[in-house]
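What follows is a set of notes on a single structure, which appears directly below.
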Amino acid sequence: MKPVRALLVLAALALLAAVPWLGSDTLIQFGINTLLLAVLAQGWNIIGGYTGYASFGNSVFYGLGSYGVAIAMVQWHLPFAVGLVFGVGLGIVFACSLGVAVLRLRGHYFAIATLALAQVMTAIVSNIGLAGQNVGLVLPPLNNDRLFYELALGLLVLATLTVWGLTRSRFGFGLIAIRENEEGAAVMGIDTTLYKVLAFNLAGIFSALAGGIHAYWITFLDPESAFDISLNVKMIIMAVFGGPGTVLGPIVGAFSLSAISELLSSNVTSVAGLFFGAVIVAAIVLMPRGLADIVRNVPKTGWRYFRQNIRAHRL
Amino acid sequence: MDLLAQILANGLLLGGLYAVMALGLALVWGVLNIVNLAHGAFIMLGAYLSWYLYTDAGIDPFLGLPITAAVMFGVGYALQRGLLNLVVRAPMFNTLLITFGLEVILTYLAQLVFSADFRTINPPYAGDSWQLGPVTLPVARFFAFVVAIVLTIGMWLFLLHTQLGRAIRATAQNLIAARLYGVEPRHLYAMTFGIGLALASAAGGLYGTVSQVNPYIGASLTAKSFAISIIGGLDNPLGVLVGGLFLGVVEALTTLYIGPTFADVASLGVLLLVLVVKPSGLLGRTA
């Protein structure tokens, strides 16, 4: 990375870290939400952006992370940190057991199978007594938004550093090879199953941690909100909007879309959802490779960039 | 034993409806290679159209089906021609996401226009039923089942014996070869998507007479349609019919023996099982 760019990133990070001491309560709460969404988008980036497996099941990890924390704290009276570890453990068990089966599928099949898994998990958890069934669990409150903000920021930094590390490691190159041509990658000696399961695990760990932090912050969770599929869609849209398969793209996508949707929903709630749909449609038609690709190409080609994108994919 | 017979009858009646739901999805998927995640939302729209036709104009939901189907065919043709044809050659993930975007838009529009209330189409015969030995057959459900069977078989004959049907099947097999034989793909894709939506709206009208409608039913209906397409395969409407009946019976049995909250788990569990054990579908080719 060029020194100027590194300095810019560090400055932005310092600014973000200072927000809890400068901004209002509303801004801090918006910040926690946005940072956690950015973590989810970054986690999805590992399996969806780099490995090319469009997972609709990452919200399962988020839900498992939430329930890990909630069960540990409410039912077993353990500290928060232990709950996080427990949640991550649940996520890893899920990724290894079901991931192996589901990751054999490709394309549409993988996407829908993970979507089905997410729905099945909601129904299963709402029938488990330990998890509070349909009613959900109420966690002990901890009114310290600054702490949650810094935790979320730290997690985002950790996720981003991991993705950055991927882009310069043998493992990361292996994932990109799988995305571009899975048979080719296997021929080159990549253990594709192992790589895919590891990527799924890695994505899952970050999502589970984000879920755990969110559960303790909100202090309440039920199966519907913990395994919410629209959350999974949000992380995909943010990653795709920003630029899947890039280090900073998902973060930029998460920040910009959250900001716009927050502005809209504070004025007109019902239009905020419509806006999300319209953004997806427009983004897929005009900029299928995300903001990151625009930044790279528009200075060179200008408005022709959008026309070229349409030309490349139309019938 | 009587209970089991009744449950099986319920499952079969529901399964016929499921088959019509999946028919449009399987057609569009097989020919255009687009998994239309907005399919369930279009079913929902069809249900609302039928509801308004019945409530405001007094048109019986079964007689209104051709009207809603024609309207939705137009919507589908325009949508494919104006929007989806722009991305149809993009990677599969992009087409998946764009139809998801449509699903979000339709759901929120429905919420704005129709409100979130539950609606049911209640024709005068809604409460009637026939007694067939130990089994009770609700009239509305039975009609819906008959229409579903007629539509499925009609679809099968249409694909086999009409010029448009042959063109659609040829395009599904090999786009380039079909083009060489004079098929204009932009028009044909739009026709196919239009037919897919017409079937979705018919399914919606039938659904509205046997169940409750609200703006949020779309996603789970898409998932069910997908499961049925996987089980039944994409190239034959009769396979879809078998898939629909199978899923209906599985759901009915699950509701009886395990519990109603597990009905959705059962259908999605079947889907996962099929995908993992035999990814090419239980009957025939799937993709």
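Every chain in the structure tokens has a letter given in the order shown (A, B, ...), and although residue numbers restart at 1 in each chain, ligands are simply numbered from 1 in the order shown.
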Taking the DSSP assignment computed from this structure's backbone, write out as a ChimeraX atom specification all residues of region 37-231 of chain B that belong to alpha helix (DSSP H).
/B:39-57,61-82,92-114,139-161,163-173,175-180,185-210,218-231
Contacts of region 251-259 of chain B at 9 Å or less, counting only C-alpha atoms, minus same-chain residues fewer than 5 places along, as a VMD selection string?
chain B and resid 4 7 to 8 10 to 12 14 246 264 to 267
Would you save the residues of that selection, restricted to N, CA and C atoms, as a short mmCIF file (atom, residue, chain, number, x, y, z; two decimals), in the first residue's frame?
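Heads up, here's the output in out-v9.cif:
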```cif
data_model
loop_
_atom_site.label_atom_id
_atom_site.label_comp_id
_atom_site.auth_asym_id
_atom_site.auth_seq_id
_atom_site.Cartn_x
_atom_site.Cartn_y
_atom_site.Cartn_z
N LEU B 4 -55.74 -40.13 8.54
CA LEU B 4 -54.64 -40.19 7.59
C LEU B 4 -55.14 -39.91 6.17
N ILE B 7 -55.78 -36.27 5.80
CA ILE B 7 -54.52 -35.51 5.72
C ILE B 7 -53.90 -35.66 4.33
N LEU B 8 -53.94 -36.89 3.81
CA LEU B 8 -53.38 -37.12 2.47
C LEU B 8 -54.16 -36.31 1.43
N ASN B 10 -55.84 -33.52 1.95
CA ASN B 10 -55.45 -32.11 2.12
C ASN B 10 -54.13 -31.84 1.44
N GLY B 11 -53.17 -32.75 1.67
CA GLY B 11 -51.84 -32.56 1.10
C GLY B 11 -51.88 -32.54 -0.41
N LEU B 12 -52.65 -33.45 -0.99
CA LEU B 12 -52.72 -33.51 -2.46
C LEU B 12 -53.38 -32.25 -3.02
N LEU B 14 -53.46 -29.29 -1.68
CA LEU B 14 -52.50 -28.19 -1.53
C LEU B 14 -51.37 -28.35 -2.55
N PHE B 246 -45.93 -34.04 -4.12
CA PHE B 246 -45.05 -34.65 -3.13
C PHE B 246 -44.85 -33.71 -1.94
N ASP B 264 -42.80 -25.82 7.35
CA ASP B 264 -41.82 -25.18 6.47
C ASP B 264 -40.46 -25.88 6.55
N VAL B 265 -40.10 -26.30 7.77
CA VAL B 265 -38.84 -27.01 7.94
C VAL B 265 -38.83 -28.25 7.07
N ALA B 266 -39.97 -28.94 7.02
CA ALA B 266 -40.05 -30.18 6.26
C ALA B 266 -39.76 -29.91 4.78
N SER B 267 -40.44 -28.88 4.23
CA SER B 267 -40.26 -28.65 2.80
C SER B 267 -38.82 -28.23 2.50
#
```
Calculate how many Å separate CA of Asp191 (chain A) from CA of Arg170 (chain A), rounding to one decimal.
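Computing the Euclidean distance for CA of Asp191 (chain A) and CA of Arg170 (chain A) yields 12.2 Å.
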Using only C-alpha atoms, which residue out of B:Leu273, B:Ala148, B:Ile176, B:Ile34 lies closest to Leu97 (chain B)?
B:Ile34
Please extract the residues of region 72-168 of chain B with a backbone DSSP assignment of strand (DSSP E or B) and present them as a ChimeraX atom specification.
/B:119,129-132,135-138
Residues of chain B near chain A: apply a cut-off of 6 Å, count only C-alpha atoms, and supply the list as a PyMOL selection string.
chain B and resi 85-90+98+101+104-105+108+265+268
Expected file contents, prior selection, C-alpha atoms, as a PDB file, in the first residue's frame:
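The new file again_16.pdb reads:
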```
ATOM      1  CA  ASN B  85     -32.781  -8.509 -20.869  1.00  0.00           C
ATOM      2  CA  LEU B  86     -30.114  -5.949 -19.923  1.00  0.00           C
ATOM      3  CA  VAL B  87     -28.483  -8.299 -17.424  1.00  0.00           C
ATOM      4  CA  VAL B  88     -29.396 -11.723 -18.725  1.00  0.00           C
ATOM      5  CA  ARG B  89     -25.865 -12.549 -19.830  1.00  0.00           C
ATOM      6  CA  ALA B  90     -24.278 -11.310 -16.586  1.00  0.00           C
ATOM      7  CA  ILE B  98     -31.626  -8.048  -9.459  1.00  0.00           C
ATOM      8  CA  GLY B 101     -34.205  -6.171  -5.726  1.00  0.00           C
ATOM      9  CA  VAL B 104     -37.978  -5.909  -2.217  1.00  0.00           C
ATOM     10  CA  ILE B 105     -39.585  -3.218  -4.383  1.00  0.00           C
ATOM     11  CA  TYR B 108     -42.783  -2.527  -0.101  1.00  0.00           C
ATOM     12  CA  VAL B 265     -38.835 -27.010   7.942  1.00  0.00           C
ATOM     13  CA  LEU B 268     -36.901 -26.929   3.107  1.00  0.00           C
TER      14      LEU B 268
END
```
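Put simply, CA of Tyr62 (chain A) is 27.2 Å away from CA of Ala14 (chain A).
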Skip Pro138 (chain B) itself and residues of its chain fewer than 5 positions away, then list as a PyMOL selection string all residues within 8 Å of it, counting only C-alpha atoms.
chain B and resi 126-130
Leaving out region 134-143 of chain A and any residue of its chain fewer than 4 positions from it, which residues lie within 9 Å of it when counting only C-alpha atoms, given as a PyMOL selection string?
chain A and resi 67+69-71+73-74+125-128+215-224
Please indicate the distance in Å from CA of Ala152 (chain A) to CA of Ala12 (chain A), rounded to one decimal place.
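Interatomic distance, CA of Ala152 (chain A) to CA of Ala12 (chain A): 15.4 Å.
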Counting only C-alpha atoms, what is within 6 Å of Thr99 (chain B), bar same-chain residues fewer than 3 positions away, as a PyMOL selection string?
chain B and resi 36-38+96+102
Using C-alpha atoms, can you export the residues from the last selection as an mmCIF file, in the first residue's frame?
```cif
data_model
loop_
_atom_site.group_PDB
_atom_site.id
_atom_site.type_symbol
_atom_site.label_atom_id
_atom_site.label_comp_id
_atom_site.auth_asym_id
_atom_site.auth_seq_id
_atom_site.Cartn_x
_atom_site.Cartn_y
_atom_site.Cartn_z
ATOM 1 C CA ASN B 36 -36.590 -15.366 -10.221
ATOM 2 C CA LEU B 37 -36.471 -14.560 -6.508
ATOM 3 C CA ALA B 38 -39.377 -12.165 -7.078
ATOM 4 C CA LEU B 96 -30.234 -13.458 -8.682
ATOM 5 C CA LEU B 102 -37.510 -6.497 -7.582
#
```
Excluding Ala116 (chain B) and its own-chain neighbours fewer than 4 positions away, which residues fall within 10 Å of it when counting only C-alpha atoms? Please give them as an NGL selection string.
:B and (108 or 110-112 or 213-216)
Give me the residues near Glu184 (chain B) as a JSON list (two decimals) with N, CA and C atoms, in the first residue's frame, where near means some atom within 12 Å (using only C-alpha atoms) and where sequence neighbours in that chain fewer than 3 positions away do not count.
```json
[["chain", "number", "residue", "atom", "x", "y", "z"],
["A", 315, "LEU", "N", -28.81, -8.85, -23.77],
["A", 315, "LEU", "CA", -29.03, -9.93, -24.74],
["A", 315, "LEU", "C", -28.81, -9.41, -26.15],
["B", 164, "LEU", "N", -44.69, -21.74, -30.55],
["B", 164, "LEU", "CA", -44.02, -20.95, -29.51],
["B", 164, "LEU", "C", -43.41, -21.89, -28.47],
["B", 167, "ALA", "N", -40.29, -23.32, -29.79],
["B", 167, "ALA", "CA", -39.23, -22.30, -29.79],
["B", 167, "ALA", "C", -38.67, -22.13, -28.39],
["B", 168, "ILE", "N", -39.55, -22.15, -27.37],
["B", 168, "ILE", "CA", -39.10, -21.99, -26.00],
["B", 168, "ILE", "C", -38.20, -23.16, -25.60],
["B", 170, "ALA", "N", -36.51, -25.11, -27.58],
["B", 170, "ALA", "CA", -35.28, -25.06, -28.36],
["B", 170, "ALA", "C", -34.31, -24.07, -27.73],
["B", 171, "THR", "N", -34.83, -22.91, -27.30],
["B", 171, "THR", "CA", -33.98, -21.88, -26.70],
["B", 171, "THR", "C", -33.38, -22.39, -25.40],
["B", 175, "LEU", "N", -29.31, -21.77, -27.19],
["B", 175, "LEU", "CA", -29.73, -20.44, -27.64],
["B", 175, "LEU", "C", -29.21, -20.14, -29.04],
["B", 176, "ILE", "N", -27.95, -20.50, -29.28],
["B", 176, "ILE", "CA", -27.34, -20.13, -30.57],
["B", 176, "ILE", "C", -28.03, -20.87, -31.72],
["B", 177, "ALA", "N", -28.25, -22.17, -31.50],
["B", 177, "ALA", "CA", -28.90, -22.95, -32.55],
["B", 177, "ALA", "C", -30.32, -22.44, -32.79],
["B", 178, "ALA", "N", -31.02, -22.10, -31.71],
["B", 178, "ALA", "CA", -32.38, -21.58, -31.85],
["B", 178, "ALA", "C", -32.37, -20.30, -32.66],
["B", 179, "ARG", "N", -31.37, -19.46, -32.41],
["B", 179, "ARG", "CA", -31.23, -18.20, -33.14],
["B", 179, "ARG", "C", -31.05, -18.45, -34.63],
["B", 180, "LEU", "N", -30.25, -19.46, -34.93],
["B", 180, "LEU", "CA", -30.00, -19.78, -36.33],
["B", 180, "LEU", "C", -31.28, -20.22, -37.03],
["B", 181, "TYR", "N", -32.21, -20.78, -36.25],
["B", 181, "TYR", "CA", -33.47, -21.19, -36.85],
["B", 181, "TYR", "C", -34.52, -20.08, -36.81],
["B", 187, "HIS", "N", -37.45, -11.20, -27.89],
["B", 187, "HIS", "CA", -38.90, -11.39, -27.86],
["B", 187, "HIS", "C", -39.26, -12.69, -27.14],
["B", 188, "LEU", "N", -38.52, -13.75, -27.45],
["B", 188, "LEU", "CA", -38.86, -15.05, -26.88],
["B", 188, "LEU", "C", -38.64, -15.06, -25.36],
["B", 189, "TYR", "N", -37.53, -14.44, -24.92],
["B", 189, "TYR", "CA", -37.28, -14.36, -23.48],
["B", 189, "TYR", "C", -38.42, -13.61, -22.80],
["B", 190, "ALA", "N", -38.85, -12.49, -23.44],
["B", 190, "ALA", "CA", -39.92, -11.69, -22.84],
["B", 190, "ALA", "C", -41.23, -12.48, -22.81],
["B", 191, "MET", "N", -41.50, -13.24, -23.89],
["B", 191, "MET", "CA", -42.71, -14.08, -23.90],
["B", 191, "MET", "C", -42.64, -15.09, -22.75]]
```
Hey, which of B:Val210, B:Val250, B:Leu23, B:Ala263 ends up closest to Thr192 (chain B)? Count only C-alpha atoms.
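Going through B:Val210, B:Val250, B:Leu23, B:Ala263 one by one, the smallest distance to Thr192 (chain B) is for B:Leu23.
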